[in-house]
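Pasted below: entry.txt, compact mmCIF, C-alpha atoms and all ligand atoms.
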# COMPACT_ATOMS: atom_id res chain seq x y z
CA MET G 1 33.82 5.34 27.89
CA ALA G 2 35.44 3.27 25.16
CA LEU G 3 32.82 0.58 25.72
CA ASP G 4 29.94 3.14 25.44
CA LYS G 5 31.36 4.34 22.14
CA SER G 6 31.58 0.86 20.70
CA LEU G 7 28.01 0.12 21.84
CA ASP G 8 26.77 3.27 20.08
CA ALA G 9 28.54 2.18 16.91
CA PHE G 10 26.85 -1.21 17.22
CA LYS G 11 23.42 0.48 17.54
CA ASP G 12 24.09 2.52 14.39
CA VAL G 13 25.01 -0.59 12.44
CA GLN G 14 21.79 -2.25 13.61
CA LYS G 15 19.70 0.70 12.43
CA THR G 16 21.22 1.13 9.00
CA LYS G 17 19.28 -0.75 6.38
CA VAL G 18 21.01 -1.07 3.05
CA VAL G 19 18.70 -0.03 0.23
CA ASP G 20 19.20 -1.77 -3.10
CA ALA G 21 19.34 1.17 -5.52
CA SER G 22 20.02 -0.90 -8.63
CA LYS G 23 16.38 -0.67 -9.68
CA LYS G 24 14.70 2.70 -9.26
CA LEU G 25 11.01 2.99 -8.47
CA ARG G 26 9.39 5.54 -10.78
CA ILE G 27 7.16 7.91 -8.82
CA GLY G 28 4.48 10.39 -9.88
CA PHE G 29 2.97 13.15 -7.74
CA ILE G 30 -0.76 13.93 -7.83
CA GLY G 31 -1.32 17.30 -6.16
CA CYS G 32 1.60 19.66 -5.60
CA GLY G 33 0.46 21.76 -2.63
CA TRP G 34 1.57 22.07 0.99
CA ILE G 35 1.95 18.44 2.08
CA ALA G 36 3.50 17.42 -1.24
CA GLY G 37 6.51 19.45 -0.01
CA SER G 38 7.02 17.02 2.89
CA HIS G 39 6.61 14.08 0.51
CA ILE G 40 9.15 15.32 -2.01
CA ARG G 41 11.77 16.08 0.64
CA SER G 42 11.50 12.48 1.84
CA PHE G 43 11.33 10.91 -1.63
CA MET G 44 14.45 12.85 -2.64
CA LYS G 45 16.40 11.18 0.19
CA GLN G 46 15.66 7.68 -1.12
CA PRO G 47 18.42 6.23 -3.31
CA ASP G 48 16.03 3.88 -5.16
CA VAL G 49 13.55 6.51 -6.33
CA GLU G 50 13.20 8.50 -9.52
CA ILE G 51 10.56 11.23 -9.46
CA VAL G 52 9.40 11.24 -13.07
CA ALA G 53 6.07 13.10 -13.21
CA GLY G 54 3.70 15.38 -11.36
CA CYS G 55 0.40 17.10 -11.92
CA ASP G 56 -1.84 19.67 -10.28
CA LEU G 57 -5.25 21.04 -11.24
CA ILE G 58 -3.82 24.56 -11.07
CA PRO G 59 -1.90 25.22 -14.31
CA GLY G 60 1.83 25.77 -13.77
CA LYS G 61 1.75 24.71 -10.10
CA ALA G 62 3.41 21.31 -10.63
CA GLU G 63 6.21 22.77 -12.75
CA ALA G 64 6.91 25.49 -10.18
CA PHE G 65 6.82 22.91 -7.38
CA PHE G 66 9.55 20.69 -8.84
CA LYS G 67 11.62 23.71 -9.80
CA ALA G 68 11.40 25.04 -6.25
CA HIS G 69 12.67 21.68 -4.94
CA GLY G 70 15.46 21.49 -7.50
CA VAL G 71 14.18 18.28 -9.11
CA GLN G 72 14.87 18.23 -12.81
CA GLY G 73 13.52 16.21 -15.73
CA VAL G 74 10.04 15.78 -14.26
CA LYS G 75 7.15 15.76 -16.78
CA THR G 76 4.39 18.08 -15.64
CA ASP G 77 2.40 19.01 -18.74
CA TYR G 78 -0.77 17.24 -17.63
CA ALA G 79 -4.15 18.87 -17.09
CA SER G 80 -5.33 16.09 -14.75
CA HIS G 81 -4.22 13.00 -12.85
CA LYS G 82 -5.88 10.89 -15.56
CA GLU G 83 -3.65 12.37 -18.29
CA MET G 84 -0.57 11.67 -16.20
CA ILE G 85 -1.56 8.09 -15.38
CA ASP G 86 -2.53 7.47 -19.03
CA ASP G 87 0.99 8.47 -20.15
CA LYS G 88 2.43 4.96 -20.31
CA SER G 89 5.83 6.31 -21.45
CA LEU G 90 6.39 7.27 -17.81
CA GLU G 91 6.46 3.61 -16.72
CA LEU G 92 5.26 4.63 -13.28
CA ASP G 93 5.55 2.19 -10.36
CA ALA G 94 3.63 4.31 -7.87
CA VAL G 95 1.89 7.60 -7.25
CA THR G 96 1.71 9.65 -4.12
CA ILE G 97 -1.65 11.40 -3.78
CA CYS G 98 -1.39 14.75 -2.00
CA THR G 99 -4.69 16.26 -3.09
CA TYR G 100 -7.36 17.77 -0.83
CA ASN G 101 -9.81 15.29 0.75
CA ARG G 102 -12.52 15.44 -1.93
CA GLN G 103 -9.91 14.39 -4.49
CA HIS G 104 -8.58 11.34 -2.62
CA ALA G 105 -10.94 8.62 -3.86
CA GLY G 106 -11.07 9.43 -7.60
CA PRO G 107 -7.30 9.58 -8.25
CA ALA G 108 -6.66 6.56 -5.96
CA ILE G 109 -9.20 4.42 -7.84
CA TYR G 110 -7.88 5.53 -11.22
CA ALA G 111 -4.27 4.81 -10.24
CA LEU G 112 -5.10 1.36 -8.81
CA ASN G 113 -7.22 0.48 -11.86
CA ASN G 114 -4.16 1.30 -13.97
CA GLY G 115 -1.90 -1.03 -12.00
CA LEU G 116 -0.08 1.53 -9.85
CA ASN G 117 0.86 1.33 -6.19
CA VAL G 118 -0.61 4.19 -4.18
CA LEU G 119 0.42 6.22 -1.16
CA LEU G 120 -2.69 8.21 -0.23
CA GLU G 121 -2.69 11.12 2.22
CA LYS G 122 -4.97 11.06 5.24
CA PRO G 123 -7.89 11.16 5.89
CA PHE G 124 -8.55 8.06 3.77
CA THR G 125 -11.57 9.68 2.02
CA VAL G 126 -14.51 11.90 2.93
CA THR G 127 -17.25 9.23 3.04
CA LEU G 128 -17.37 5.53 3.85
CA ASP G 129 -18.81 4.78 0.40
CA GLU G 130 -15.72 6.30 -1.22
CA ALA G 131 -13.39 4.31 1.03
CA VAL G 132 -15.23 1.10 0.11
CA GLU G 133 -14.80 1.88 -3.60
CA VAL G 134 -11.06 2.50 -3.13
CA CYS G 135 -10.68 -0.78 -1.18
CA ARG G 136 -12.46 -2.65 -3.96
CA ALA G 137 -10.17 -1.13 -6.59
CA GLU G 138 -7.18 -2.11 -4.46
CA LYS G 139 -8.42 -5.70 -4.13
CA GLU G 140 -9.10 -5.97 -7.86
CA SER G 141 -5.70 -4.53 -8.79
CA GLY G 142 -3.57 -6.58 -6.41
CA LYS G 143 -1.48 -3.42 -5.92
CA LEU G 144 -0.37 -1.81 -2.69
CA LEU G 145 -2.32 0.99 -1.04
CA SER G 146 -1.01 2.68 2.09
CA ILE G 147 -2.70 5.57 3.91
CA GLY G 148 -0.49 8.46 5.05
CA PHE G 149 -0.64 8.18 8.85
CA GLN G 150 2.96 9.07 9.71
CA PRO G 151 2.29 9.24 13.51
CA ARG G 152 2.06 5.43 13.27
CA MET G 153 5.80 5.38 12.61
CA ASP G 154 6.56 7.09 15.94
CA ALA G 155 8.28 4.91 18.55
CA ASN G 156 5.97 6.30 21.27
CA MET G 157 2.89 5.30 19.29
CA LYS G 158 4.35 1.83 18.85
CA MET G 159 4.87 1.72 22.62
CA ILE G 160 1.12 2.19 23.19
CA LYS G 161 0.45 -0.89 21.10
CA LYS G 162 3.24 -2.83 22.83
CA ILE G 163 1.75 -2.04 26.25
CA VAL G 164 -1.71 -3.19 25.14
CA ASP G 165 -0.30 -6.33 23.49
CA SER G 166 1.71 -7.17 26.61
CA GLY G 167 -1.56 -7.71 28.50
CA ALA G 168 -0.60 -5.13 31.15
CA LEU G 169 -4.01 -3.47 30.83
CA GLY G 170 -6.00 -6.73 30.96
CA GLN G 171 -9.37 -6.55 29.25
CA ILE G 172 -9.94 -3.11 27.75
CA TYR G 173 -13.48 -1.78 28.22
CA TYR G 174 -13.39 2.03 27.89
CA ILE G 175 -11.31 4.42 25.82
CA GLN G 176 -11.32 8.19 25.66
CA THR G 177 -9.50 9.76 22.75
CA GLY G 178 -9.27 13.03 20.89
CA GLY G 179 -7.45 16.30 21.06
CA GLY G 180 -7.68 19.88 20.09
CA ARG G 181 -6.30 23.31 19.50
CA ARG G 182 -7.48 26.58 21.02
CA ARG G 183 -7.07 28.39 17.72
CA GLY G 184 -5.97 26.01 14.98
CA ILE G 185 -8.28 26.06 11.98
CA PRO G 186 -5.86 25.36 9.12
CA PHE G 187 -5.80 27.86 6.25
CA PRO G 188 -2.06 28.23 5.57
CA PHE G 189 -2.30 28.57 1.79
CA GLY G 190 -5.97 29.22 1.16
CA THR G 191 -9.26 27.54 1.91
CA THR G 192 -8.86 23.94 0.72
CA PHE G 193 -9.09 22.67 4.33
CA ILE G 194 -12.27 24.56 5.16
CA GLU G 195 -14.49 24.54 2.08
CA ALA G 196 -17.09 21.82 1.63
CA ASP G 197 -16.17 21.31 -2.04
CA THR G 198 -12.50 20.60 -1.36
CA ALA G 199 -12.24 19.35 2.26
CA GLY G 200 -15.69 17.79 2.78
CA ILE G 201 -14.89 17.20 6.46
CA GLY G 202 -13.13 19.45 8.98
CA ALA G 203 -11.44 18.68 12.30
CA LEU G 204 -13.35 15.39 12.42
CA GLY G 205 -11.42 14.00 9.44
CA ASP G 206 -8.27 16.10 9.49
CA ILE G 207 -7.05 15.45 13.04
CA GLY G 208 -9.84 13.19 14.32
CA CYS G 209 -8.52 10.38 12.13
CA TYR G 210 -5.20 10.50 14.06
CA SER G 211 -6.89 10.23 17.46
CA LEU G 212 -8.95 7.29 16.30
CA ASP G 213 -5.91 5.59 14.82
CA MET G 214 -3.87 6.06 17.99
CA VAL G 215 -6.21 3.86 20.00
CA LEU G 216 -7.80 1.61 17.37
CA ASN G 217 -4.41 0.50 16.07
CA ALA G 218 -3.31 -0.24 19.64
CA ILE G 219 -6.29 -2.50 20.29
CA GLY G 220 -6.27 -4.23 16.87
CA TYR G 221 -8.93 -2.23 15.04
CA PRO G 222 -12.16 -3.89 16.26
CA LYS G 223 -15.19 -3.32 14.08
CA PRO G 224 -17.27 -0.25 14.98
CA LEU G 225 -20.95 -1.04 15.58
CA THR G 226 -22.90 2.11 16.49
CA VAL G 227 -22.23 5.80 16.96
CA SER G 228 -23.93 8.81 18.46
CA GLY G 229 -22.17 11.83 17.03
CA TYR G 230 -22.20 15.63 17.20
CA LYS G 231 -20.45 18.30 15.15
CA SER G 232 -20.44 22.08 15.11
CA ALA G 233 -18.74 25.06 13.44
CA PHE G 234 -19.07 27.98 15.86
CA PHE G 235 -15.52 29.28 15.31
CA GLY G 236 -15.03 28.65 11.59
CA LYS G 237 -18.24 30.43 10.63
CA ASN G 238 -17.49 33.46 12.79
CA PRO G 239 -15.91 36.41 10.87
CA ASN G 240 -14.52 37.63 14.21
CA TYR G 241 -12.57 34.39 14.79
CA SER G 242 -9.28 35.85 16.02
CA GLU G 243 -7.02 34.07 13.51
CA TYR G 244 -9.16 35.26 10.57
CA VAL G 245 -8.99 38.81 11.87
CA ARG G 246 -5.24 38.60 12.56
CA SER G 247 -4.51 37.39 9.01
CA GLY G 248 -7.03 39.67 7.27
CA HIS G 249 -9.25 36.75 6.20
CA SER G 250 -12.63 37.42 7.82
CA ASP G 251 -14.18 36.51 4.44
CA TYR G 252 -13.17 32.88 5.13
CA ALA G 253 -16.08 32.65 7.61
CA GLU G 254 -18.50 32.58 4.68
CA LYS G 255 -16.47 29.95 2.87
CA PHE G 256 -16.26 27.71 5.94
CA GLY G 257 -18.34 24.65 5.08
CA VAL G 258 -17.07 21.91 7.40
CA ASP G 259 -16.95 21.16 11.17
CA ASP G 260 -14.48 22.65 13.65
CA PHE G 261 -15.55 20.44 16.56
CA ALA G 262 -16.93 16.92 16.79
CA ALA G 263 -17.71 14.48 19.58
CA ALA G 264 -19.05 10.95 19.65
CA PHE G 265 -19.84 7.89 21.70
CA ILE G 266 -18.96 4.76 19.73
CA ARG G 267 -19.57 1.08 20.49
CA LEU G 268 -16.93 -1.33 19.18
CA GLU G 269 -17.07 -5.07 18.72
CA GLY G 270 -15.89 -6.85 21.87
CA GLY G 271 -17.80 -4.53 24.21
CA VAL G 272 -15.35 -1.62 24.09
CA ILE G 273 -16.72 1.92 24.46
CA LEU G 274 -14.93 4.73 22.64
CA ASP G 275 -15.51 8.31 23.79
CA PHE G 276 -14.17 10.84 21.27
CA ARG G 277 -13.88 14.60 20.88
CA ILE G 278 -11.83 16.71 18.51
CA ALA G 279 -11.44 20.46 17.98
CA TRP G 280 -9.74 22.77 15.52
CA ALA G 281 -10.79 25.63 17.78
CA MET G 282 -12.24 25.89 21.30
CA ASN G 283 -12.11 27.97 24.46
CA LEU G 284 -10.09 25.36 26.32
CA ASP G 285 -6.51 24.03 26.42
CA THR G 286 -7.38 20.40 25.64
CA PRO G 287 -10.58 18.39 25.45
CA GLY G 288 -8.74 15.70 27.42
CA ASP G 289 -5.88 13.23 27.35
CA THR G 290 -6.29 9.88 25.69
CA ILE G 291 -7.01 7.15 28.23
CA ILE G 292 -7.28 3.40 27.75
CA MET G 293 -8.96 1.68 30.71
CA GLY G 294 -8.53 -2.03 31.38
CA THR G 295 -9.27 -4.58 34.10
CA LYS G 296 -5.59 -4.85 35.12
CA GLY G 297 -4.29 -1.39 34.31
CA SER G 298 -5.06 1.88 32.57
CA LEU G 299 -2.90 4.07 30.39
CA ARG G 300 -2.96 7.87 30.23
CA ILE G 301 -1.46 9.38 27.07
CA PRO G 302 -1.03 13.14 27.43
CA SER G 303 -2.44 15.30 24.68
CA THR G 304 -0.47 18.01 22.88
CA GLU G 305 -1.26 21.72 22.72
CA CYS G 306 -1.61 21.72 18.94
CA TRP G 307 -3.07 18.30 18.33
CA ASN G 308 -1.42 16.50 15.42
CA GLY G 309 -1.60 12.89 16.50
CA THR G 310 1.56 12.54 18.56
CA VAL G 311 2.20 11.57 22.18
CA GLY G 312 2.40 14.79 24.20
CA GLY G 313 4.59 13.64 27.11
CA PRO G 314 5.45 10.67 29.30
CA MET G 315 2.58 8.19 29.48
CA ILE G 316 1.40 6.89 32.85
CA LEU G 317 0.43 3.29 33.47
CA TYR G 318 -1.84 2.93 36.52
CA HIS G 319 -1.73 -0.59 37.91
CA GLU G 320 -1.33 -2.73 41.03
CA VAL G 321 1.78 -4.48 42.30
CA CYS G 322 1.20 -7.15 44.99
CA GLY G 323 -2.19 -5.63 45.74
CA GLU G 324 -0.85 -2.08 46.10
CA GLN G 325 -1.93 0.70 43.74
CA THR G 326 0.99 2.18 41.87
CA LYS G 327 1.84 3.97 38.67
CA THR G 328 4.68 3.69 36.21
CA GLU G 329 5.90 6.50 34.03
CA ILE G 330 6.70 5.49 30.47
CA PRO G 331 9.35 7.96 29.33
CA ILE G 332 9.10 9.59 25.93
CA ILE G 333 11.33 7.86 23.40
CA HIS G 334 13.39 10.40 21.48
CA THR G 335 14.73 9.33 18.10
CA ALA G 336 16.37 11.24 15.28
CA GLU G 337 14.06 9.60 12.75
CA ASN G 338 11.84 11.76 10.58
CA LEU G 339 8.31 10.34 10.50
CA PHE G 340 7.75 11.40 6.88
CA ASP G 341 10.97 9.64 5.83
CA LEU G 342 9.72 6.50 7.57
CA LYS G 343 6.29 6.82 5.94
CA ILE G 344 7.88 6.99 2.47
CA ARG G 345 10.57 4.36 3.16
CA THR G 346 8.13 1.77 4.55
CA PHE G 347 5.86 2.30 1.53
CA LEU G 348 8.76 1.75 -0.89
CA ASP G 349 9.99 -1.31 1.03
CA ALA G 350 6.51 -2.85 0.94
CA ILE G 351 6.37 -2.38 -2.85
CA LYS G 352 9.79 -3.97 -3.30
CA GLU G 353 9.41 -6.76 -0.77
CA GLY G 354 5.76 -7.49 -1.46
CA GLY G 355 4.75 -7.11 2.17
CA GLU G 356 1.60 -5.70 3.73
CA ALA G 357 1.00 -1.97 3.40
CA PRO G 358 2.55 -0.07 6.35
CA VAL G 359 -0.87 1.47 7.05
CA PRO G 360 -3.39 -0.90 5.43
CA SER G 361 -6.70 0.26 4.04
CA SER G 362 -8.43 -2.70 5.74
CA GLN G 363 -7.78 -0.95 9.08
CA ILE G 364 -8.38 2.61 7.99
CA LEU G 365 -11.71 1.55 6.49
CA TYR G 366 -12.95 1.22 10.09
CA ASN G 367 -11.46 4.62 10.96
CA GLN G 368 -13.37 6.12 8.01
CA ALA G 369 -16.54 4.23 8.95
CA ILE G 370 -16.49 5.93 12.36
CA ILE G 371 -15.91 9.38 10.83
CA ASP G 372 -18.73 8.76 8.37
CA GLY G 373 -20.96 7.47 11.18
CA ILE G 374 -20.30 10.58 13.31
CA ALA G 375 -21.21 12.86 10.39
CA LYS G 376 -24.39 10.89 9.63
CA SER G 377 -25.44 10.64 13.27
CA ALA G 378 -24.83 14.37 13.79
CA GLU G 379 -27.01 15.16 10.79
CA ALA G 380 -29.75 12.75 11.89
CA GLY G 381 -29.60 13.91 15.53
CA ARG G 382 -29.60 10.33 16.86
CA GLU G 383 -27.48 7.21 17.23
CA VAL G 384 -26.86 5.29 13.99
CA GLU G 385 -25.68 1.81 13.15
CA ILE G 386 -22.38 1.54 11.28
CA VAL G 387 -22.79 -0.76 8.30
CA ILE G 388 -19.62 -1.61 6.41
CA PRO G 389 -20.22 -3.25 3.02
CA GLU G 390 -18.25 -6.32 1.94
CA ILE G 391 -15.12 -5.45 -0.03
N1 LIG Y 401 0.09 13.72 6.82
C1 LIG Y 401 0.12 14.98 7.23
O1 LIG Y 401 0.77 15.34 8.18
C2 LIG Y 401 -0.69 16.00 6.49
C3 LIG Y 401 -0.48 17.36 6.73
C4 LIG Y 401 -1.20 18.29 5.98
C5 LIG Y 401 -2.13 17.85 5.04
N2 LIG Y 401 -2.33 16.52 4.85
C6 LIG Y 401 -3.34 16.04 3.89
O2 LIG Y 401 -2.85 16.25 2.58
C7 LIG Y 401 -3.92 16.60 1.70
C8 LIG Y 401 -3.53 17.85 0.94
O3 LIG Y 401 -3.35 18.90 1.85
P1 LIG Y 401 -2.51 20.20 1.42
O4 LIG Y 401 -2.39 21.01 2.65
O5 LIG Y 401 -1.31 19.83 0.69
O6 LIG Y 401 -3.56 20.90 0.45
P2 LIG Y 401 -3.25 21.95 -0.71
O7 LIG Y 401 -4.53 22.58 -1.04
O8 LIG Y 401 -2.09 22.82 -0.31
O9 LIG Y 401 -2.75 21.05 -1.92
C9 LIG Y 401 -3.58 20.18 -2.61
C10 LIG Y 401 -3.24 20.32 -4.09
O10 LIG Y 401 -3.87 19.26 -4.81
C11 LIG Y 401 -4.29 19.78 -6.06
N3 LIG Y 401 -5.30 18.86 -6.61
C12 LIG Y 401 -6.54 18.61 -6.14
N4 LIG Y 401 -7.12 17.65 -6.87
C13 LIG Y 401 -6.24 17.28 -7.84
C14 LIG Y 401 -6.25 16.32 -8.88
N5 LIG Y 401 -7.31 15.54 -9.10
N6 LIG Y 401 -5.16 16.21 -9.66
C15 LIG Y 401 -4.07 16.99 -9.46
N7 LIG Y 401 -4.00 17.91 -8.46
C16 LIG Y 401 -5.07 18.06 -7.67
C17 LIG Y 401 -4.79 21.18 -5.74
O11 LIG Y 401 -4.86 21.99 -6.86
C18 LIG Y 401 -3.75 21.63 -4.72
O12 LIG Y 401 -2.67 22.28 -5.34
C19 LIG Y 401 -5.17 16.75 2.56
O13 LIG Y 401 -5.99 15.63 2.41
C20 LIG Y 401 -4.64 16.82 3.97
O14 LIG Y 401 -5.49 16.23 4.94
C21 LIG Y 401 -1.62 15.60 5.54

Could you rewrite the structure in this file as structure tokens?
Amino acid sequence: MALDKSLDAFKDVQKTKVVDASKKLRIGFIGCGWIAGSHIRSFMKQPDVEIVAGCDLIPGKAEAFFKAHGVQGVKTDYASHKEMIDDKSLELDAVTICTYNRQHAGPAIYALNNGLNVLLEKPFTVTLDEAVEVCRAEKESGKLLSIGFQPRMDANMKMIKKIVDSGALGQIYYIQTGGGRRRGIPFPFGTTFIEADTAGIGALGDIGCYSLDMVLNAIGYPKPLTVSGYKSAFFGKNPNYSEYVRSGHSDYAEKFGVDDFAAAFIRLEGGVILDFRIAWAMNLDTPGDTIIMGTKGSLRIPSTECWNGTVGGPMILYHEVCGEQTKTEIPIIHTAENLFDLKIRTFLDAIKEGGEAPVPSSQILYNQAIIDGIAKSAEAGREVEIVIPEI
């Protein structure tokens, strides 16, 4: 018993990283809506951070946001992100961009062009062209850009990559990924997720980007080559969609201007086939677990009921031992770590230590290229080639 206790103490010491708080990083918020709440709670826990400014397109929203979180002395009298970034008296080190999808590229480019480090919420952008422009601004600026994929920080997600890297699956040739919700079109505080002018893409970008990242990160982000895609909006455009009716928002059906379901067949460099489907709403429990099939073994990663990019239960590795077929359960790793805290901390550490972005744009560019390819192929009604311009 005494030994167990001392081992636990040893583990705690190993985990604790001492943060040098002598120099504070000065942070500005762009967009003060729903997800900005998760960002601020994590930023407030960091001893080396000073939140100095924030802006929102809706007058008064930024001020109310910081007041609600009890953060004082934050400048908020800006009509736009440009005004805030132009205020050199702030001496900003970084901005966190928590705006709706259509307002990801513009603020990110403006911040990078003005020498700021950027944490940008997912999905990267709406179109591939926008993502390319952001990557170019990042390259030109020499600053850090990290995309907000907090599921990446999960120990179970890291385990998927470790299994692939170990060679236990052999040569990977086919992957199925995706997820869904029976009734999960997001409209918690209005319609910014479902209108074309604000969201631009629906389930495909919102939760599809997580499914793509889960497997592409594990296999080293090979370049996507071609895609045959499909998308639809049968639930979102229906005024009788049960969640609209339940919440008294049947009028949202008319505002719905994105997809609520998408599927695709994608060819990746290296001969890997990627079969993808994603749903905000469907008459089904799940459109399937994620599976990674290889010449030596295959991995099944259970989906979750309300797909948000996490591992839904113990993974199963199907393989052979001494010529006999067997399977190994990979237990879920439970940790007390908050994924948003890790997303913020790794971003800050990369700024201070000059390392690579925790979730680099060079990888997520391929994620965005697939999303863009699915949208274009669905519109064209045929397979399309994915062409990624030089950065
Ligand atoms: N990582 C996650 O788990 C997660 C979860 C939810 C949402 N998100 C992402 O976060 C983003 C925002 O989602 P949300 O739910 O917070 O939306 P929201 O509509 O609640 O908030 C967005 C806010 O940004 C403001 N805004 C838009 N453009 C602006 C600009 N140029 N300058 C200043 N303010 C601007 C809007 O007025 C709004 O208040 C989306 O891209 C979404 O995909 C990520």

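Those protein and nucleic acid residues that have any atom within 6 Å of ligand LIG 401 (chain Y) are, using all atoms listed in the file, Ile30, Gly31, Cys32, Gly33, Trp34, Ile35, Ala36, Cys55, Asp56, Leu57, Ile58, Ser80, His81, Cys98, Thr99, Tyr100, Asn101, Gln103, Glu121, Lys122, Pro123, Gly148, Phe149, Thr192 and Asp206 of chain G.
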
Using 12 Å as the limit and counting all atoms listed in the file, can you tabulate each residue of range 296-330 of chain G that touches range 261-285 of chain G, with its shortest atom-to-atom distance in Å and the two atoms involved, as JSON lines?
{"residue": "G:Ser303", "atom": "CA", "partner": "G:Asp285", "partner_atom": "CA", "distance": 9.8}
{"residue": "G:Thr304", "atom": "CA", "partner": "G:Asp285", "partner_atom": "CA", "distance": 9.2}
{"residue": "G:Glu305", "atom": "CA", "partner": "G:Asp285", "partner_atom": "CA", "distance": 6.8}
{"residue": "G:Cys306", "atom": "CA", "partner": "G:Trp280", "partner_atom": "CA", "distance": 8.9}
{"residue": "G:Trp307", "atom": "CA", "partner": "G:Trp280", "partner_atom": "CA", "distance": 8.5}
{"residue": "G:Asn308", "atom": "CA", "partner": "G:Trp280", "partner_atom": "CA", "distance": 10.4}
{"residue": "G:Gly309", "atom": "CA", "partner": "G:Ile278", "partner_atom": "CA", "distance": 11.1}

Please, could you write that set of residues out with C-alpha atoms as a short mmCIF file (atom, residue, chain, number, x, y, z; two decimals), in the coordinates of the input?
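What follows is the written file again_24.cif:
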data_model
loop_
_atom_site.label_atom_id
_atom_site.label_comp_id
_atom_site.auth_asym_id
_atom_site.auth_seq_id
_atom_site.Cartn_x
_atom_site.Cartn_y
_atom_site.Cartn_z
CA SER G 303 -2.44 15.30 24.68
CA THR G 304 -0.47 18.01 22.88
CA GLU G 305 -1.26 21.72 22.72
CA CYS G 306 -1.61 21.72 18.94
CA TRP G 307 -3.07 18.30 18.33
CA ASN G 308 -1.42 16.50 15.42
CA GLY G 309 -1.60 12.89 16.50
#

With a cut-off of 12 Å, could you pull out the residues of range 160-261 of chain G touching range 366-378 of chain G and give me the nearest pair of atoms for each, distance in Å to one decimal, using all atoms listed in the file, ordered by chain and ascending number, as a Markdown table?
| residue | atom | partner | partner_atom | distance |
| --- | --- | --- | --- | --- |
| G:Gly200 | CA | G:Ala375 | CA | 10.6 |
| G:Ile201 | CA | G:Ala375 | CA | 8.6 |
| G:Gly202 | CA | G:Ala375 | CA | 10.5 |
| G:Ala203 | CA | G:Ile371 | CA | 10.4 |
| G:Leu204 | CA | G:Ile371 | CA | 6.7 |
| G:Gly205 | CA | G:Ile371 | CA | 6.6 |
| G:Asp206 | CA | G:Ile371 | CA | 10.3 |
| G:Ile207 | CA | G:Ile371 | CA | 11.0 |
| G:Gly208 | CA | G:Ile371 | CA | 8.0 |
| G:Cys209 | CA | G:Asn367 | CA | 6.6 |
| G:Tyr210 | CA | G:Asn367 | CA | 9.1 |
| G:Ser211 | CA | G:Asn367 | CA | 9.7 |
| G:Leu212 | CA | G:Asn367 | CA | 6.5 |
| G:Asp213 | CA | G:Asn367 | CA | 6.8 |
| G:Met214 | CA | G:Asn367 | CA | 10.4 |
| G:Val215 | CA | G:Asn367 | CA | 10.5 |
| G:Leu216 | CA | G:Asn367 | CA | 8.0 |
| G:Asn217 | CA | G:Asn367 | CA | 9.6 |
| G:Gly220 | CA | G:Tyr366 | CA | 11.0 |
| G:Tyr221 | CA | G:Tyr366 | CA | 7.3 |
| G:Pro222 | CA | G:Tyr366 | CA | 8.1 |
| G:Lys223 | CA | G:Tyr366 | CA | 6.4 |
| G:Pro224 | CA | G:Tyr366 | CA | 6.7 |
| G:Leu225 | CA | G:Ile370 | CA | 8.9 |
| G:Thr226 | CA | G:Gly373 | CA | 7.8 |
| G:Val227 | CA | G:Gly373 | CA | 6.1 |
| G:Ser228 | CA | G:Ser377 | CA | 5.7 |
| G:Gly229 | CA | G:Ile374 | CA | 4.3 |
| G:Tyr230 | CA | G:Ala378 | CA | 4.5 |
| G:Lys231 | CA | G:Ala378 | CA | 6.0 |
| G:Ser232 | CA | G:Ala378 | CA | 9.0 |
| G:Val258 | CA | G:Ala375 | CA | 10.4 |
| G:Asp259 | CA | G:Ala375 | CA | 9.4 |
| G:Phe261 | CA | G:Ala375 | CA | 11.3 |

- prompt: Taking all atoms listed in the file into account, which of G:Thr127, G:Arg41, G:Ile85, G:Glu353 comes nearest Phe66 in chain G?
  reply: G:Arg41

Shell of 10 Å around range 161-164 of chain G, all atoms listed in the file, local chain residues under 6 positions omitted, as an MDAnalysis selection string: chainID G and resid 170:172 214:220 292 294 297:299 317 330

message: Taking 4 positions as the minimum chain separation for residues in the same chain, which residues sit within 7 Å of range 128-135 of chain G when counting only C-alpha atoms? Answer as number ranges by chain.
response: G: 105, 108-109, 124, 139, 361, 365, 368-369, 372, 391

Just C-alpha atoms for this one: save the residues we selected as a PDB file, keeping the file's coordinate frame.
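Result file follows (again13.pdb):
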ATOM      1  CA  ALA G 105     -10.940   8.620  -3.860  1.00  0.00           C
ATOM      2  CA  ALA G 108      -6.660   6.560  -5.960  1.00  0.00           C
ATOM      3  CA  ILE G 109      -9.200   4.420  -7.840  1.00  0.00           C
ATOM      4  CA  PHE G 124      -8.550   8.060   3.770  1.00  0.00           C
ATOM      5  CA  LYS G 139      -8.420  -5.700  -4.130  1.00  0.00           C
ATOM      6  CA  SER G 361      -6.700   0.260   4.040  1.00  0.00           C
ATOM      7  CA  LEU G 365     -11.710   1.550   6.490  1.00  0.00           C
ATOM      8  CA  GLN G 368     -13.370   6.120   8.010  1.00  0.00           C
ATOM      9  CA  ALA G 369     -16.540   4.230   8.950  1.00  0.00           C
ATOM     10  CA  ASP G 372     -18.730   8.760   8.370  1.00  0.00           C
ATOM     11  CA  ILE G 391     -15.120  -5.450  -0.030  1.00  0.00           C
TER      12      ILE G 391
END

field: Val118 in chain G surroundings by all atoms listed in the file, 9 Å radius, close-in-sequence under 5 positions cut, as a PyMOL selection string
entry: chain G and resi 93-97+108+111-112+143-147+347

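In this structure, CA of Phe193 in chain G sits 27.4 Å away from CA of Val387 in chain G.
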
Test item: residues at most 12 Å from Glu243 in chain G, all atoms listed in the file, excluding those fewer than 2 positions along its chain, as a PyMOL selection string: chain G and resi 182-188+235-236+238-241+245-253+280-281
